>>> print(open('work_2.cif').read())   # mmCIF, C-alpha atoms
data_structure
#
loop_
_atom_site.label_atom_id
_atom_site.label_comp_id
_atom_site.auth_asym_id
_atom_site.auth_seq_id
_atom_site.Cartn_x
_atom_site.Cartn_y
_atom_site.Cartn_z
CA MET A 1 -17.91 61.76 -36.56
CA ARG A 2 -14.75 60.40 -38.17
CA ILE A 3 -15.31 56.66 -38.23
CA ALA A 4 -13.14 53.76 -39.38
CA GLN A 5 -14.90 50.55 -40.37
CA ILE A 6 -12.48 47.61 -40.26
CA ALA A 7 -13.82 44.70 -42.32
CA PRO A 8 -12.74 41.09 -42.77
CA LEU A 9 -10.52 40.58 -45.80
CA SER A 10 -12.01 37.23 -46.78
CA GLU A 11 -14.50 38.80 -49.17
CA ALA A 12 -15.03 42.16 -50.84
CA VAL A 13 -17.35 44.67 -49.19
CA PRO A 14 -20.06 43.98 -50.26
CA PRO A 15 -19.24 40.37 -51.17
CA LYS A 16 -19.55 39.03 -54.69
CA PHE A 17 -21.43 35.96 -53.46
CA TYR A 18 -21.70 34.54 -49.92
CA GLY A 19 -20.42 36.69 -47.06
CA GLY A 20 -22.82 37.85 -44.35
CA THR A 21 -20.40 39.91 -42.26
CA GLU A 22 -19.04 41.80 -45.26
CA ARG A 23 -22.57 42.53 -46.40
CA VAL A 24 -23.50 44.01 -43.01
CA VAL A 25 -20.30 46.10 -42.94
CA SER A 26 -21.29 47.53 -46.33
CA TRP A 27 -24.78 48.43 -45.11
CA ILE A 28 -23.38 50.12 -42.00
CA THR A 29 -20.76 52.02 -43.99
CA GLU A 30 -23.10 53.28 -46.69
CA GLU A 31 -25.77 54.37 -44.23
CA LEU A 32 -23.20 56.21 -42.08
CA VAL A 33 -22.02 58.08 -45.18
CA ARG A 34 -25.62 58.85 -46.12
CA GLN A 35 -26.16 60.32 -42.66
CA GLY A 36 -23.19 62.65 -43.15
CA HIS A 37 -20.36 60.96 -41.25
CA ASP A 38 -16.75 60.88 -42.46
CA VAL A 39 -16.12 57.16 -42.96
CA THR A 40 -13.03 55.23 -44.01
CA LEU A 41 -13.44 51.55 -44.88
CA PHE A 42 -10.46 49.26 -44.36
CA ALA A 43 -11.18 46.31 -46.65
CA SER A 44 -10.05 44.46 -49.76
CA GLY A 45 -9.25 46.50 -52.87
CA ASP A 46 -12.16 45.13 -54.89
CA SER A 47 -14.66 46.56 -52.40
CA GLU A 48 -17.20 49.13 -53.62
CA THR A 49 -18.11 51.97 -51.29
CA SER A 50 -19.06 55.63 -51.11
CA ALA A 51 -16.70 55.94 -48.11
CA LYS A 52 -12.94 56.41 -48.40
CA LEU A 53 -11.46 53.00 -49.19
CA ALA A 54 -8.22 51.92 -47.54
CA ALA A 55 -7.34 48.87 -49.63
CA CYS A 56 -5.51 46.28 -47.53
CA THR A 57 -5.37 43.44 -50.10
CA PRO A 58 -5.91 43.53 -53.88
CA GLU A 59 -9.02 41.32 -53.67
CA GLY A 60 -10.99 39.29 -51.18
CA LEU A 61 -8.68 36.55 -49.91
CA ARG A 62 -11.06 33.66 -50.59
CA LEU A 63 -11.14 34.45 -54.31
CA LEU A 64 -7.34 34.83 -54.29
CA GLY A 65 -7.03 31.31 -52.92
CA TYR A 66 -5.63 32.18 -49.47
CA ARG A 67 -6.40 29.62 -46.78
CA ASP A 68 -5.02 31.41 -43.70
CA HIS A 69 -6.03 35.07 -43.50
CA THR A 70 -4.30 35.90 -40.21
CA ALA A 71 -1.18 37.53 -41.65
CA SER A 72 -3.19 39.81 -43.94
CA HIS A 73 -5.43 40.87 -41.07
CA LEU A 74 -2.42 41.66 -38.87
CA ALA A 75 -0.95 43.80 -41.65
CA MET A 76 -4.28 45.65 -41.93
CA LEU A 77 -4.39 46.21 -38.17
CA HIS A 78 -0.90 47.70 -38.30
CA GLN A 79 -2.16 50.20 -40.87
CA VAL A 80 -5.22 51.02 -38.76
CA HIS A 81 -3.04 51.49 -35.66
CA ARG A 82 -0.73 53.92 -37.49
CA ARG A 83 -3.75 55.99 -38.56
CA ALA A 84 -5.79 55.67 -35.37
CA GLN A 85 -5.41 59.35 -34.43
CA GLU A 86 -7.38 60.27 -37.58
CA PHE A 87 -10.60 58.76 -36.21
CA ASP A 88 -13.04 59.32 -33.38
CA ILE A 89 -14.27 55.71 -33.56
CA LEU A 90 -12.58 52.50 -34.67
CA HIS A 91 -15.28 49.93 -35.43
CA PHE A 92 -13.93 46.37 -35.84
CA HIS A 93 -15.68 43.44 -37.52
CA ILE A 94 -12.83 40.88 -37.41
CA ASP A 95 -13.45 38.96 -34.18
CA LEU A 96 -10.53 39.25 -31.74
CA LEU A 97 -7.14 39.84 -33.41
CA GLN A 98 -7.25 43.56 -32.56
CA TYR A 99 -7.70 43.11 -28.78
CA PRO A 100 -4.04 43.28 -27.66
CA MET A 101 -2.91 45.82 -30.28
CA PHE A 102 -5.63 48.34 -29.38
CA GLU A 103 -5.88 47.74 -25.63
CA ASP A 104 -4.76 51.32 -24.94
CA MET A 105 -7.49 52.68 -27.25
CA ASN A 106 -10.56 50.99 -25.77
CA HIS A 107 -12.06 54.43 -25.24
CA LYS A 108 -12.59 54.77 -29.01
CA CYS A 109 -12.91 51.13 -30.15
CA ILE A 110 -15.99 49.00 -30.74
CA THR A 111 -16.05 45.40 -31.88
CA THR A 112 -19.20 43.85 -33.31
CA MET A 113 -19.24 40.13 -32.57
CA HIS A 114 -20.58 38.56 -35.76
CA GLY A 115 -20.05 34.87 -35.06
CA ARG A 116 -20.80 32.23 -32.46
CA LEU A 117 -19.19 32.85 -29.07
CA ASP A 118 -19.34 29.38 -27.53
CA VAL A 119 -15.93 28.30 -28.88
CA PRO A 120 -13.70 27.29 -25.91
CA ASP A 121 -10.50 28.01 -27.88
CA PHE A 122 -11.25 31.76 -27.86
CA MET A 123 -12.16 32.12 -24.17
CA PRO A 124 -8.62 33.01 -22.95
CA VAL A 125 -8.73 36.20 -25.03
CA TYR A 126 -12.23 37.13 -23.83
CA ARG A 127 -11.21 36.56 -20.19
CA THR A 128 -7.94 38.51 -20.53
CA PHE A 129 -8.91 41.56 -22.59
CA THR A 130 -12.11 42.58 -20.82
CA GLY A 131 -11.90 46.28 -21.64
CA MET A 132 -12.80 46.08 -25.34
CA PRO A 133 -16.34 47.52 -25.84
CA LEU A 134 -18.43 44.86 -27.57
CA VAL A 135 -21.68 44.88 -29.53
CA SER A 136 -23.70 41.67 -29.76
CA ILE A 137 -26.00 41.03 -32.70
CA SER A 138 -28.54 39.28 -30.46
CA ASP A 139 -29.02 38.85 -26.73
CA ASN A 140 -28.79 35.09 -27.15
CA GLN A 141 -25.31 35.43 -28.66
CA ARG A 142 -23.99 36.75 -25.33
CA LEU A 143 -24.86 33.71 -23.22
CA PRO A 144 -21.56 31.77 -23.44
CA MET A 145 -19.33 34.78 -22.72
CA PRO A 146 -17.52 35.48 -19.40
CA PRO A 147 -19.57 37.74 -17.10
CA ASN A 148 -17.00 40.56 -17.01
CA VAL A 149 -16.73 41.39 -20.72
CA ASN A 150 -17.58 44.95 -21.67
CA TRP A 151 -20.93 44.80 -23.49
CA LEU A 152 -21.90 48.18 -24.90
CA SER A 153 -25.14 47.25 -26.69
CA THR A 154 -27.11 44.63 -28.58
CA ILE A 155 -27.83 45.78 -32.13
CA HIS A 156 -29.77 43.55 -34.49
CA HIS A 157 -28.73 43.59 -38.12
CA GLY A 158 -30.69 45.68 -40.58
CA LEU A 159 -30.62 45.91 -44.35
CA PRO A 160 -31.57 48.57 -46.92
CA ALA A 161 -35.25 48.06 -47.71
CA GLN A 162 -34.61 48.16 -51.46
CA ASN A 163 -32.11 45.28 -51.35
CA CYS A 164 -34.86 42.68 -51.05
CA PRO A 165 -37.91 44.49 -52.41
CA TYR A 166 -41.43 43.60 -51.33
CA TYR A 167 -43.20 40.91 -53.33
CA PRO A 168 -46.92 40.99 -52.46
CA ASP A 169 -47.57 37.64 -54.17
CA ALA A 170 -45.50 34.47 -53.91
CA LYS A 171 -45.74 33.27 -57.51
CA GLY A 172 -43.43 30.28 -57.11
CA GLY A 173 -45.25 28.32 -54.42
CA TYR A 174 -42.00 26.73 -53.21
CA LEU A 175 -40.02 26.64 -49.99
CA ALA A 176 -36.64 28.40 -50.21
CA PHE A 177 -33.42 27.34 -48.52
CA LEU A 178 -30.64 29.90 -48.86
CA GLY A 179 -27.12 30.05 -47.51
CA ARG A 180 -24.63 27.25 -46.95
CA ILE A 181 -24.80 23.46 -46.95
CA SER A 182 -23.65 22.48 -43.45
CA PRO A 183 -24.82 20.21 -40.63
CA GLU A 184 -25.84 23.10 -38.36
CA LYS A 185 -27.97 24.74 -41.09
CA ARG A 186 -29.88 21.45 -41.48
CA PRO A 187 -30.82 21.44 -45.18
CA ASP A 188 -31.84 17.82 -44.56
CA ARG A 189 -34.64 19.09 -42.32
CA ALA A 190 -35.69 21.58 -45.01
CA ILE A 191 -35.92 18.79 -47.59
CA GLU A 192 -37.85 16.53 -45.21
CA MET A 193 -40.23 19.40 -44.46
CA ALA A 194 -40.89 19.85 -48.17
CA ILE A 195 -41.35 16.18 -48.97
CA ARG A 196 -43.65 15.47 -46.01
CA SER A 197 -45.83 18.49 -46.85
CA GLY A 198 -45.81 17.77 -50.60
CA THR A 199 -44.32 21.21 -51.34
CA PRO A 200 -41.49 21.94 -53.82
CA ILE A 201 -38.24 23.25 -52.37
CA LYS A 202 -35.43 25.17 -54.08
CA ILE A 203 -32.00 25.13 -52.47
CA ALA A 204 -29.64 28.02 -53.28
CA ALA A 205 -26.50 27.27 -51.32
CA LYS A 206 -22.76 26.80 -51.60
CA VAL A 207 -20.82 23.75 -50.48
CA ASP A 208 -17.56 24.59 -48.71
CA LYS A 209 -14.70 22.10 -48.72
CA ALA A 210 -15.19 21.62 -44.99
CA ASP A 211 -18.74 20.42 -45.64
CA GLN A 212 -18.04 18.23 -48.68
CA ASP A 213 -18.45 14.96 -46.77
CA TYR A 214 -21.79 16.12 -45.34
CA TRP A 215 -22.94 16.98 -48.86
CA ASN A 216 -21.76 13.67 -50.30
CA GLU A 217 -23.14 11.45 -47.55
CA VAL A 218 -26.33 13.23 -46.43
CA ILE A 219 -27.64 15.91 -48.78
CA GLU A 220 -26.72 14.81 -52.31
CA PRO A 221 -28.70 11.56 -52.00
CA MET A 222 -31.76 13.58 -50.91
CA ILE A 223 -31.90 16.04 -53.82
CA HIS A 224 -33.01 13.50 -56.43
CA ASN A 225 -36.61 13.67 -55.23
CA PRO A 226 -38.79 15.44 -57.86
CA LEU A 227 -39.85 18.02 -55.25
CA VAL A 228 -36.23 19.11 -54.69
CA GLU A 229 -34.25 21.48 -56.92
CA PHE A 230 -30.63 22.31 -56.10
CA ILE A 231 -29.59 25.62 -57.66
CA GLY A 232 -26.18 26.29 -56.08
CA GLU A 233 -24.74 29.64 -55.00
CA ILE A 234 -26.58 32.75 -56.21
CA ASN A 235 -25.74 36.46 -56.25
CA GLU A 236 -27.57 39.45 -54.76
CA GLU A 237 -29.64 40.17 -57.86
CA GLN A 238 -30.80 36.55 -58.18
CA LYS A 239 -31.68 36.51 -54.50
CA LYS A 240 -34.50 39.03 -54.95
CA ASP A 241 -36.68 36.79 -57.11
CA PHE A 242 -35.59 33.67 -55.28
CA LEU A 243 -36.83 34.95 -51.92
CA GLY A 244 -39.65 37.14 -53.20
CA ASN A 245 -41.42 34.36 -55.10
CA ALA A 246 -41.07 31.78 -52.32
CA LEU A 247 -44.01 30.61 -50.25
CA ALA A 248 -41.72 30.64 -47.20
CA LEU A 249 -38.08 30.54 -46.19
CA ALA A 250 -37.06 27.27 -44.52
CA PHE A 251 -34.70 28.04 -41.64
CA PRO A 252 -34.48 24.76 -39.70
CA ILE A 253 -31.19 25.47 -37.92
CA ASP A 254 -29.71 23.17 -35.29
CA TRP A 255 -27.23 25.51 -33.56
CA PRO A 256 -27.20 28.80 -31.59
CA GLU A 257 -27.35 31.06 -34.67
CA PRO A 258 -26.12 34.54 -33.55
CA PHE A 259 -28.51 36.28 -35.93
CA GLY A 260 -29.41 34.69 -39.28
CA LEU A 261 -29.32 37.45 -41.88
CA VAL A 262 -31.39 35.49 -44.38
CA MET A 263 -34.41 35.76 -42.05
CA ILE A 264 -34.65 39.53 -42.44
CA GLU A 265 -33.87 39.31 -46.15
CA ALA A 266 -36.91 37.06 -46.53
CA MET A 267 -39.07 39.29 -44.33
CA SER A 268 -38.07 42.32 -46.38
CA ALA A 269 -39.52 40.54 -49.43
CA GLY A 270 -42.70 39.77 -47.48
CA THR A 271 -41.82 36.09 -47.29
CA PRO A 272 -42.59 34.41 -43.95
CA VAL A 273 -39.98 32.26 -42.22
CA ILE A 274 -40.43 28.73 -40.90
CA ALA A 275 -37.71 28.51 -38.28
CA PHE A 276 -36.63 26.22 -35.49
CA ARG A 277 -36.54 27.93 -32.10
CA ASN A 278 -32.75 28.12 -31.70
CA GLY A 279 -30.29 30.93 -31.02
CA SER A 280 -31.50 34.38 -32.03
CA VAL A 281 -34.57 33.14 -33.92
CA PRO A 282 -37.17 34.19 -31.29
CA GLU A 283 -35.66 37.70 -31.23
CA VAL A 284 -36.10 38.08 -34.99
CA ILE A 285 -39.27 36.20 -35.88
CA ALA A 286 -42.64 37.26 -34.47
CA ASP A 287 -44.49 33.95 -34.24
CA GLY A 288 -47.66 34.06 -36.32
CA VAL A 289 -46.79 37.49 -37.76
CA SER A 290 -43.54 37.19 -39.71
CA GLY A 291 -43.20 33.43 -39.56
CA VAL A 292 -43.73 30.29 -37.53
CA LEU A 293 -41.48 29.09 -34.70
CA CYS A 294 -41.02 25.32 -34.52
CA ASP A 295 -39.75 22.90 -31.90
CA ASP A 296 -39.70 19.73 -34.01
CA MET A 297 -40.31 18.39 -37.51
CA ASP A 298 -44.03 17.89 -36.94
CA ASP A 299 -44.32 21.61 -36.14
CA ALA A 300 -42.32 22.45 -39.27
CA VAL A 301 -44.49 20.34 -41.56
CA ALA A 302 -47.67 21.86 -40.08
CA ALA A 303 -46.16 25.35 -40.52
CA VAL A 304 -46.16 24.96 -44.31
CA ALA A 305 -49.98 25.13 -44.28
CA LYS A 306 -49.96 28.02 -41.79
CA VAL A 307 -47.76 30.31 -43.89
CA LYS A 308 -50.16 30.02 -46.82
CA THR A 309 -52.67 32.14 -44.88
CA MET A 310 -50.14 34.60 -43.47
CA SER A 311 -50.21 38.26 -44.56
CA ARG A 312 -47.14 39.11 -46.62
CA ALA A 313 -47.83 42.79 -45.94
CA GLY A 314 -47.69 41.99 -42.22
CA VAL A 315 -44.35 40.24 -42.69
CA ARG A 316 -42.97 43.30 -44.46
CA ARG A 317 -44.27 45.62 -41.71
CA HIS A 318 -42.46 43.55 -39.08
CA PHE A 319 -39.24 43.96 -41.08
CA GLU A 320 -39.72 47.73 -41.45
CA GLY A 321 -40.39 48.08 -37.73
CA GLY A 322 -37.08 46.69 -36.57
CA PHE A 323 -34.65 45.49 -39.20
CA THR A 324 -33.81 48.27 -41.69
CA ALA A 325 -30.27 49.56 -42.17
CA GLU A 326 -31.40 53.01 -41.06
CA ARG A 327 -32.60 51.70 -37.70
CA MET A 328 -29.45 49.62 -37.26
CA VAL A 329 -27.14 52.55 -37.90
CA GLN A 330 -29.12 54.87 -35.63
CA LYS A 331 -28.38 52.39 -32.85
CA TYR A 332 -24.69 52.21 -33.78
CA VAL A 333 -24.40 55.99 -33.74
CA SER A 334 -25.99 55.99 -30.26
CA ALA A 335 -23.43 53.38 -29.18
CA TYR A 336 -20.58 55.51 -30.56
CA GLU A 337 -21.91 58.55 -28.71
CA GLU A 338 -22.25 56.54 -25.50
CA LEU A 339 -18.65 55.37 -25.76
CA LEU A 340 -17.34 58.86 -26.46
CA SER A 341 -19.42 60.22 -23.58
CA ARG A 342 -17.84 57.72 -21.20
CA SER A 343 -14.38 58.80 -22.37
CA ALA A 344 -15.25 62.47 -21.91
CA ASP A 345 -16.46 61.79 -18.35
CA VAL A 346 -13.11 60.21 -17.50
CA ILE A 347 -11.19 63.12 -19.01
CA ARG A 348 -13.19 65.65 -16.97
CA LEU A 349 -12.36 63.96 -13.65
CA PRO A 350 -9.66 65.66 -11.55
CA LYS A 351 -6.29 63.94 -11.48
CA SER A 352 -6.84 63.05 -7.84
CA ALA A 353 -9.61 60.68 -8.91
CA PHE A 354 -7.04 58.37 -10.51
CA ARG A 355 -4.65 58.19 -7.52
CA PRO A 356 -4.61 55.16 -5.22
CA GLN A 357 -7.04 55.66 -2.31
CA PRO A 358 -5.31 56.54 0.95
CA VAL A 359 -5.93 54.52 4.09
CA ASP A 360 -6.18 56.26 7.47
CA VAL A 361 -4.13 55.27 10.50
CA ASN A 362 -6.86 52.92 11.73
CA GLY A 363 -6.80 50.95 8.48
CA ALA A 364 -10.19 52.20 7.28
CA SER A 365 -10.47 53.05 3.61
CA ARG A 366 -11.47 56.49 2.49
CA PRO A 367 -14.61 56.86 0.30
CA PRO A 368 -14.25 54.97 -2.97
CA MET A 369 -13.13 56.58 -6.21
CA PRO A 370 -15.80 57.80 -8.61
CA ALA A 371 -17.20 54.93 -10.66
CA ALA A 372 -16.75 56.98 -13.81
CA ALA A 373 -12.97 56.63 -13.45
CA PHE A 374 -13.38 53.04 -14.55
CA PRO A 375 -15.67 52.84 -17.56
CA ALA A 376 -17.58 49.57 -17.82
#
>>> encode(input="work_2.cif", output="structure tokens")
Amino acid sequence: MRIAQIAPLSEAVPPKFYGGTERVVSWITEELVRQGHDVTLFASGDSETSAKLAACTPEGLRLLGYRDHTASHLAMLHQVHRRAQEFDILHFHIDLLQYPMFEDMNHKCITTMHGRLDVPDFMPVYRTFTGMPLVSISDNQRLPMPPNVNWLSTIHHGLPAQNCPYYPDAKGGYLAFLGRISPEKRPDRAIEMAIRSGTPIKIAAKVDKADQDYWNEVIEPMIHNPLVEFIGEINEEQKKDFLGNALALAFPIDWPEPFGLVMIEAMSAGTPVIAFRNGSVPEVIADGVSGVLCDDMDDAVAAVAKVKTMSRAGVRRHFEGGFTAERMVQKYVSAYEELLSRSADVIRLPKSAFRPQPVDVNGASRPPMPAAAFPA
């Protein structure tokens, strides 16, 4: 297939540091190329890919200092629209800006919803443009959406197994917190979990400007405990040892996390996850196999002892069974084929199937039009 992957322009693909969506786009793109598809990646110019790169900005916009990325994304979408006839599938990863521009191409468009969907500000678009085929990254992510949106599939994220290699022994003996310092990620819970269990914790995370007050008022005062080490933002290479040598990943989220990429990164390394039962967590973590699901802080503190007896080989097997890039892309290819099959069914219908249904003289309707004339 000829496939266009349309990435956010905030970060390079893959990102230099933090950037979950861009990382997933890279994994999808590279695995599609490996499987023999003709792929073009629309992304920032500093992206690295084995696909054909259509550079839409010189660099990722965050590193260039741009605050509002809307104009750059609209310019990219104009370029994609002009070239749309070159592709069998247009796969978007930029939320909802493309909905009105590509409404007449829903038969070949897919949008993966990477973020939270319970934001009221966005609902008018979801309610209006119901034809866009959507992929959710967890079943839980779908819950806030209007009932008539066009879900095509749920496809959990997957990563290349070599990205976070298996560490059979956790040499560090510490809890790991990885990602972003923010109220919904609850690093305060992670620190409390460590202190109450008497276990060291290392925090590798960035502090965005939007979360500076939370850092200043809540987290910074907590990191001066001798059990707590704040490392800051780390890159992909540093992440391997950081996760692989950890006793467990602390994932004490307090929001409906759509997926939580760091969970499968930890599982790939054989590191179990101590996670609060929110959002997609129960779809990703097998309780007692790849981690421990918690409902409160007492559960989380008790989980620290439980993970010490957990099989790291079993954690890795759970990852291999459902969360590799190969499995993810197999599901995306099936979704592409399903969408193209729907379009082909419509094309094969006789023209009469698309005409308004006649009504007989008694006012009774004729038999309804074939359902295939209106793809879901």
>>> resolve_selection(input="work_2.cif", expression="the PyMOL selection byres ((chain A and resi 92) around 10)", output="list in words")
Ala4, Gln5, Ile6, Ala7, Pro8, Val25, Phe42, Leu77, Ile89, Leu90, His91, His93, Ile94, Asp95, Leu96, Leu97, Gln98, Tyr99, Cys109, Ile110, Thr111, Thr112, Met113 and Leu134 of chain A
>>> resolve_selection(input="work_2.cif", expression="the PyMOL selection byres ((chain A and resi 105) around 12)", output="ChimeraX atom specification")
/A:80-81,84-85,87-91,98-104,106-110,131-133,339-340,343
>>> resolve_selection(input="work_2.cif", expression="the PyMOL selection byres ((chain A and resi 322) around 12)", output="PyMOL selection string")
chain A and resi 155-161+264+267-268+283-286+290+315-321+323-331
>>> closest_residue(input="work_2.cif", among="A:Arg180, A:Gln212, A:Gly314, A:Leu175", to="A:Leu249", atoms="all atoms listed in the file")
A:Leu175
>>> residues_around(input="work_2.cif", residues="stretch 119-126 of chain A", least_positions_apart="2", cutoff="8 Å", atoms="all atoms listed in the file", output="PyMOL selection string")
chain A and resi 96+99+116-117+128-130+145-146+149
>>> decode(input="work_2.cif", residues="stretch 299-308 of chain A", atoms="all heavy atoms", output="PDB file, in the first residue's frame")
ATOM      1  N   ASP A 299      -2.451   0.149  49.014  1.00  0.00           N
ATOM      2  CA  ASP A 299      -2.182  -0.885  48.007  1.00  0.00           C
ATOM      3  C   ASP A 299      -0.817  -0.666  47.360  1.00  0.00           C
ATOM      4  O   ASP A 299      -0.057  -1.613  47.127  1.00  0.00           O
ATOM      5  CB  ASP A 299      -3.248  -0.850  46.907  1.00  0.00           C
ATOM      6  CG  ASP A 299      -4.588  -1.413  47.347  1.00  0.00           C
ATOM      7  OD1 ASP A 299      -4.657  -2.005  48.440  1.00  0.00           O
ATOM      8  OD2 ASP A 299      -5.562  -1.256  46.584  1.00  0.00           O
ATOM      9  N   ALA A 300      -0.521   0.597  47.049  1.00  0.00           N
ATOM     10  CA  ALA A 300       0.726   0.911  46.344  1.00  0.00           C
ATOM     11  C   ALA A 300       1.944   0.603  47.207  1.00  0.00           C
ATOM     12  O   ALA A 300       2.949   0.062  46.723  1.00  0.00           O
ATOM     13  CB  ALA A 300       0.728   2.375  45.919  1.00  0.00           C
ATOM     14  N   VAL A 301       1.864   0.933  48.480  1.00  0.00           N
ATOM     15  CA  VAL A 301       2.986   0.649  49.378  1.00  0.00           C
ATOM     16  C   VAL A 301       3.185  -0.857  49.517  1.00  0.00           C
ATOM     17  O   VAL A 301       4.318  -1.360  49.463  1.00  0.00           O
ATOM     18  CB  VAL A 301       2.742   1.301  50.755  1.00  0.00           C
ATOM     19  CG1 VAL A 301       3.810   0.867  51.746  1.00  0.00           C
ATOM     20  CG2 VAL A 301       2.716   2.821  50.622  1.00  0.00           C
ATOM     21  N   ALA A 302       2.078  -1.600  49.657  1.00  0.00           N
ATOM     22  CA  ALA A 302       2.175  -3.062  49.762  1.00  0.00           C
ATOM     23  C   ALA A 302       2.705  -3.679  48.471  1.00  0.00           C
ATOM     24  O   ALA A 302       3.374  -4.719  48.490  1.00  0.00           O
ATOM     25  CB  ALA A 302       0.805  -3.649  50.102  1.00  0.00           C
ATOM     26  N   ALA A 303       2.431  -3.032  47.333  1.00  0.00           N
ATOM     27  CA  ALA A 303       2.867  -3.565  46.036  1.00  0.00           C
ATOM     28  C   ALA A 303       4.383  -3.581  45.905  1.00  0.00           C
ATOM     29  O   ALA A 303       4.931  -4.395  45.150  1.00  0.00           O
ATOM     30  CB  ALA A 303       2.261  -2.747  44.908  1.00  0.00           C
ATOM     31  N   VAL A 304       5.075  -2.688  46.603  1.00  0.00           N
ATOM     32  CA  VAL A 304       6.538  -2.652  46.509  1.00  0.00           C
ATOM     33  C   VAL A 304       7.129  -3.982  46.949  1.00  0.00           C
ATOM     34  O   VAL A 304       8.080  -4.492  46.349  1.00  0.00           O
ATOM     35  CB  VAL A 304       7.106  -1.487  47.342  1.00  0.00           C
ATOM     36  CG1 VAL A 304       8.635  -1.502  47.296  1.00  0.00           C
ATOM     37  CG2 VAL A 304       6.575  -0.148  46.826  1.00  0.00           C
ATOM     38  N   ALA A 305       6.571  -4.591  47.996  1.00  0.00           N
ATOM     39  CA  ALA A 305       7.047  -5.912  48.432  1.00  0.00           C
ATOM     40  C   ALA A 305       6.649  -6.992  47.426  1.00  0.00           C
ATOM     41  O   ALA A 305       7.417  -7.927  47.171  1.00  0.00           O
ATOM     42  CB  ALA A 305       6.477  -6.228  49.813  1.00  0.00           C
ATOM     43  N   LYS A 306       5.465  -6.860  46.834  1.00  0.00           N
ATOM     44  CA  LYS A 306       4.986  -7.880  45.896  1.00  0.00           C
ATOM     45  C   LYS A 306       5.868  -7.971  44.654  1.00  0.00           C
ATOM     46  O   LYS A 306       6.157  -9.063  44.162  1.00  0.00           O
ATOM     47  CB  LYS A 306       3.548  -7.587  45.491  1.00  0.00           C
ATOM     48  CG  LYS A 306       2.525  -7.743  46.603  1.00  0.00           C
ATOM     49  CD  LYS A 306       1.119  -7.423  46.101  1.00  0.00           C
ATOM     50  CE  LYS A 306       0.084  -7.525  47.204  1.00  0.00           C
ATOM     51  NZ  LYS A 306      -1.280  -7.163  46.738  1.00  0.00           N
ATOM     52  N   VAL A 307       6.295  -6.830  44.113  1.00  0.00           N
ATOM     53  CA  VAL A 307       7.057  -6.871  42.862  1.00  0.00           C
ATOM     54  C   VAL A 307       8.426  -7.506  43.051  1.00  0.00           C
ATOM     55  O   VAL A 307       9.040  -7.968  42.082  1.00  0.00           O
ATOM     56  CB  VAL A 307       7.202  -5.466  42.236  1.00  0.00           C
ATOM     57  CG1 VAL A 307       5.846  -4.906  41.851  1.00  0.00           C
ATOM     58  CG2 VAL A 307       7.944  -4.508  43.171  1.00  0.00           C
ATOM     59  N   LYS A 308       8.915  -7.551  44.285  1.00  0.00           N
ATOM     60  CA  LYS A 308      10.221  -8.159  44.528  1.00  0.00           C
ATOM     61  C   LYS A 308      10.219  -9.654  44.257  1.00  0.00           C
ATOM     62  O   LYS A 308      11.271 -10.249  44.006  1.00  0.00           O
ATOM     63  CB  LYS A 308      10.660  -7.887  45.969  1.00  0.00           C
ATOM     64  CG  LYS A 308      10.957  -6.422  46.258  1.00  0.00           C
ATOM     65  CD  LYS A 308      11.334  -6.205  47.720  1.00  0.00           C
ATOM     66  CE  LYS A 308      11.611  -4.734  48.003  1.00  0.00           C
ATOM     67  NZ  LYS A 308      11.931  -4.485  49.425  1.00  0.00           N
TER      68      LYS A 308
END
